[in-house]
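K.L.:
This is the structure I have questions about; it appears just below.
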Amino acid sequence: MSFASIVKMFVPKDRIFYSLFEEVSATLMNMSEVFIKAVNENDPTARHLHLKSLEDLEHKNDETTHRIFVELGQNFITPFDREDIHYLATSLDDIADYLWGASKRVVIYDITDVDQTLREFGDIIIKSVYALNTCIHGMRDLKDLRAITNACVLINSLENDGDDLLDKSMMELYSKPNISAVEISKKKDLYQMLETVTDKCEDAANVIESIIIKYA
């Protein structure tokens, strides 16, 4: 092996990791945008088509996440702790998984009466994902720590809003007259899945905050 090849092995590929995380973030924003479009679509057939399209985006995110893990295994030096890279990649992948899981439930359960709760969850999720995008792009140089910190605080606040919305929706769901146990079960599962998306956004924000503390 030549000296140049040896040196190359120890050169940190910062751009690769940052670019891959930014690619994940872009996919998550796309997914949240499609979800918002779907829950605001009045035509059930068109809505289901939007939701089903999220499967391709979820698969795309899986591929990018896999590339992050491959790079992690091949590089001796990384821009920040290997554990943090793994935790962040996993947390972001969870967001995509749970959002696709919730979307799939709307289709599988044949939920045609899209209510205000779904739209409010969609609003919370897209705000959280966009705030994460601010954090991820800010990690390249860590020059604007205030912007990253404010975005993390916003994500934590939005997660609390998700908790409150879940509690409110459960109370309303169980107080509705003439609703079957099956319909209650479907809606409860869907609402809980969407609330978990907000939890996963907070998990990713917590990893980013940890990285800032170590390296800023």
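By order of appearance in the structure tokens: chains A, B, ..., then residues from 1 within every chain, and ligands from 1 in the order shown.
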Env of stretch 145-161 of chain A: 8 Å cut, atoms = only C-alpha atoms, seq-sep filter 6 positions within chain, self excluded. Answer as a PDB file with N, CA and C atoms, in the first residue's frame.
P.N.:
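Saved result, result24.pdb, follows:
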ATOM      1  N   ILE A 124     -47.431  19.748  13.538  1.00  0.00           N
ATOM      2  CA  ILE A 124     -46.373  19.611  14.546  1.00  0.00           C
ATOM      3  C   ILE A 124     -45.167  18.886  13.947  1.00  0.00           C
ATOM      4  N   LYS A 127     -43.147  21.022  11.352  1.00  0.00           N
ATOM      5  CA  LYS A 127     -42.368  22.058  12.043  1.00  0.00           C
ATOM      6  C   LYS A 127     -41.138  21.439  12.719  1.00  0.00           C
ATOM      7  N   SER A 128     -41.327  20.264  13.306  1.00  0.00           N
ATOM      8  CA  SER A 128     -40.215  19.583  13.977  1.00  0.00           C
ATOM      9  C   SER A 128     -39.140  19.172  12.977  1.00  0.00           C
ATOM     10  N   ALA A 131     -37.211  22.143  11.755  1.00  0.00           N
ATOM     11  CA  ALA A 131     -36.276  22.599  12.793  1.00  0.00           C
ATOM     12  C   ALA A 131     -35.052  21.685  12.832  1.00  0.00           C
ATOM     13  N   LEU A 132     -35.266  20.387  12.666  1.00  0.00           N
ATOM     14  CA  LEU A 132     -34.135  19.451  12.601  1.00  0.00           C
ATOM     15  C   LEU A 132     -33.235  19.761  11.411  1.00  0.00           C
ATOM     16  N   THR A 134     -32.614  22.656  10.192  1.00  0.00           N
ATOM     17  CA  THR A 134     -31.774  23.783  10.618  1.00  0.00           C
ATOM     18  C   THR A 134     -30.590  23.289  11.435  1.00  0.00           C
ATOM     19  N   CYS A 135     -30.860  22.359  12.358  1.00  0.00           N
ATOM     20  CA  CYS A 135     -29.795  21.811  13.204  1.00  0.00           C
ATOM     21  C   CYS A 135     -28.750  21.074  12.375  1.00  0.00           C
ATOM     22  N   GLY A 138     -26.597  23.258  10.325  1.00  0.00           N
ATOM     23  CA  GLY A 138     -25.738  24.061  11.188  1.00  0.00           C
ATOM     24  C   GLY A 138     -24.562  23.284  11.746  1.00  0.00           C
ATOM     25  N   GLU A 195     -47.746  10.533  17.483  1.00  0.00           N
ATOM     26  CA  GLU A 195     -47.087  11.143  18.642  1.00  0.00           C
ATOM     27  C   GLU A 195     -45.675  10.609  18.790  1.00  0.00           C
ATOM     28  N   THR A 198     -43.119  12.557  16.884  1.00  0.00           N
ATOM     29  CA  THR A 198     -42.617  13.750  17.581  1.00  0.00           C
ATOM     30  C   THR A 198     -41.585  13.366  18.638  1.00  0.00           C
ATOM     31  N   ASP A 199     -41.756  12.198  19.267  1.00  0.00           N
ATOM     32  CA  ASP A 199     -40.765  11.713  20.231  1.00  0.00           C
ATOM     33  C   ASP A 199     -39.423  11.474  19.548  1.00  0.00           C
ATOM     34  N   CYS A 201     -38.318  12.862  16.837  1.00  0.00           N
ATOM     35  CA  CYS A 201     -37.717  14.163  16.489  1.00  0.00           C
ATOM     36  C   CYS A 201     -36.965  14.718  17.692  1.00  0.00           C
ATOM     37  N   GLU A 202     -37.569  14.592  18.861  1.00  0.00           N
ATOM     38  CA  GLU A 202     -36.911  15.069  20.084  1.00  0.00           C
ATOM     39  C   GLU A 202     -35.654  14.255  20.367  1.00  0.00           C
ATOM     40  N   ALA A 205     -32.950  15.604  18.237  1.00  0.00           N
ATOM     41  CA  ALA A 205     -32.520  16.907  18.744  1.00  0.00           C
ATOM     42  C   ALA A 205     -31.629  16.743  19.969  1.00  0.00           C
ATOM     43  N   ASN A 206     -31.937  15.768  20.821  1.00  0.00           N
ATOM     44  CA  ASN A 206     -31.120  15.530  22.013  1.00  0.00           C
ATOM     45  C   ASN A 206     -29.712  15.068  21.641  1.00  0.00           C
ATOM     46  N   GLU A 209     -27.848  18.139  20.473  1.00  0.00           N
ATOM     47  CA  GLU A 209     -27.453  18.956  21.624  1.00  0.00           C
ATOM     48  C   GLU A 209     -26.225  18.371  22.299  1.00  0.00           C
ATOM     49  N   ILE A 212     -23.195  19.240  20.264  1.00  0.00           N
ATOM     50  CA  ILE A 212     -22.828  20.657  20.443  1.00  0.00           C
ATOM     51  C   ILE A 212     -22.038  20.842  21.735  1.00  0.00           C
ATOM     52  N   ALA A 216     -18.644  22.232  20.449  1.00  0.00           N
ATOM     53  CA  ALA A 216     -18.775  23.670  20.183  1.00  0.00           C
ATOM     54  C   ALA A 216     -17.739  24.449  20.979  1.00  0.00           C
TER      55      ALA A 216
END
K.L.:
Which residues come within 10 Å of A:Gln192, counting only C-alpha atoms, excluding same-chain residues fewer than 6 positions away, as a ChimeraX atom specification?
P.N.:
/A:102,162-163,166-167,169-170
K.L.:
May I ask for the distance between atom CA of A:Tyr98 and atom CA of A:Asp164, given in Å to one decimal place?
P.N.:
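Separation of atom CA of A:Tyr98 and atom CA of A:Asp164: 18.9 Å.
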K.L.:
Measuring between only C-alpha atoms, which one of A:Asp84, A:Glu71, A:Glu63, A:Asp110 shows the shortest distance to A:Pro44?
P.N.:
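Nearest candidate to A:Pro44 out of A:Asp84, A:Glu71, A:Glu63, A:Asp110: A:Asp110.
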K.L.:
Name the closest residue to A:Ser19 among the candidates A:Leu165, A:Ile136, A:Val106, A:Ala204; distances are taken between atoms, counting only C-alpha atoms.
P.N.:
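Closest to A:Ser19 of all the choices is A:Ile136.
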K.L.:
Interatomic distance between atom CA of A:Ile184 and atom CA of A:His50?
P.N.:
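Computing the Euclidean distance for atom CA of A:Ile184 and atom CA of A:His50 yields 24.1 Å.
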K.L.:
I'd like the interatomic distance between atom CA of A:Lys104 and atom CA of A:Arg47, to a tenth of an Å.
P.N.:
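One can read the atom CA of A:Lys104 to atom CA of A:Arg47 distance as 11.5 Å.
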K.L.:
Could you tell me, as a PyMOL selection string, which residues of stretch 124-184 of chain A DSSP assigns to alpha helix (DSSP H) when given the backbone?
P.N.:
chain A and resi 124-138+145-175+181-184
K.L.:
Counting only C-alpha atoms, which of A:Leu49, A:Leu173, A:Leu99, A:Ile16 gets nearest to A:Val129?
P.N.:
A:Leu99
K.L.:
Give me the residues within 9 Å of A:Val24 as a list of chain:residue names, counting only C-alpha atoms and dropping any in the same chain fewer than 2 places off.
P.N.:
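In the requested format, the answer is A:Ser19, A:Leu20, A:Phe21, A:Glu22, A:Ala26, A:Thr27, A:Leu28, A:Met29, A:Lys60, A:Asn61, A:Asp62, A:Thr64, A:Thr65, A:Ala89, A:Leu92, A:Asp93.
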K.L.:
Quick one: which stretch 3-66 of chain A residues come within 8 Å of stretch 115-121 of chain A, and what is the nearest atom pair for each with the distance in Å to one decimal, counting only C-alpha atoms, rows ordered by chain and ascending number, as a tab-separated table?
P.N.:
residue	atom	partner	partner_atom	distance
A:Ile36	CA	A:Arg119	CA	7.0
A:Val39	CA	A:Arg119	CA	6.0
A:Asn40	CA	A:Arg119	CA	7.0
K.L.:
Those residues you just picked out, can you put them in a file as a short mmCIF file (atom, residue, chain, number, x, y, z; two decimals), in the first residue's frame with C-alpha atoms?
P.N.:
data_model
loop_
_atom_site.label_atom_id
_atom_site.label_comp_id
_atom_site.auth_asym_id
_atom_site.auth_seq_id
_atom_site.Cartn_x
_atom_site.Cartn_y
_atom_site.Cartn_z
CA ILE A 36 -49.45 17.35 5.15
CA VAL A 39 -54.27 14.89 5.33
CA ASN A 40 -55.51 18.09 3.71
#
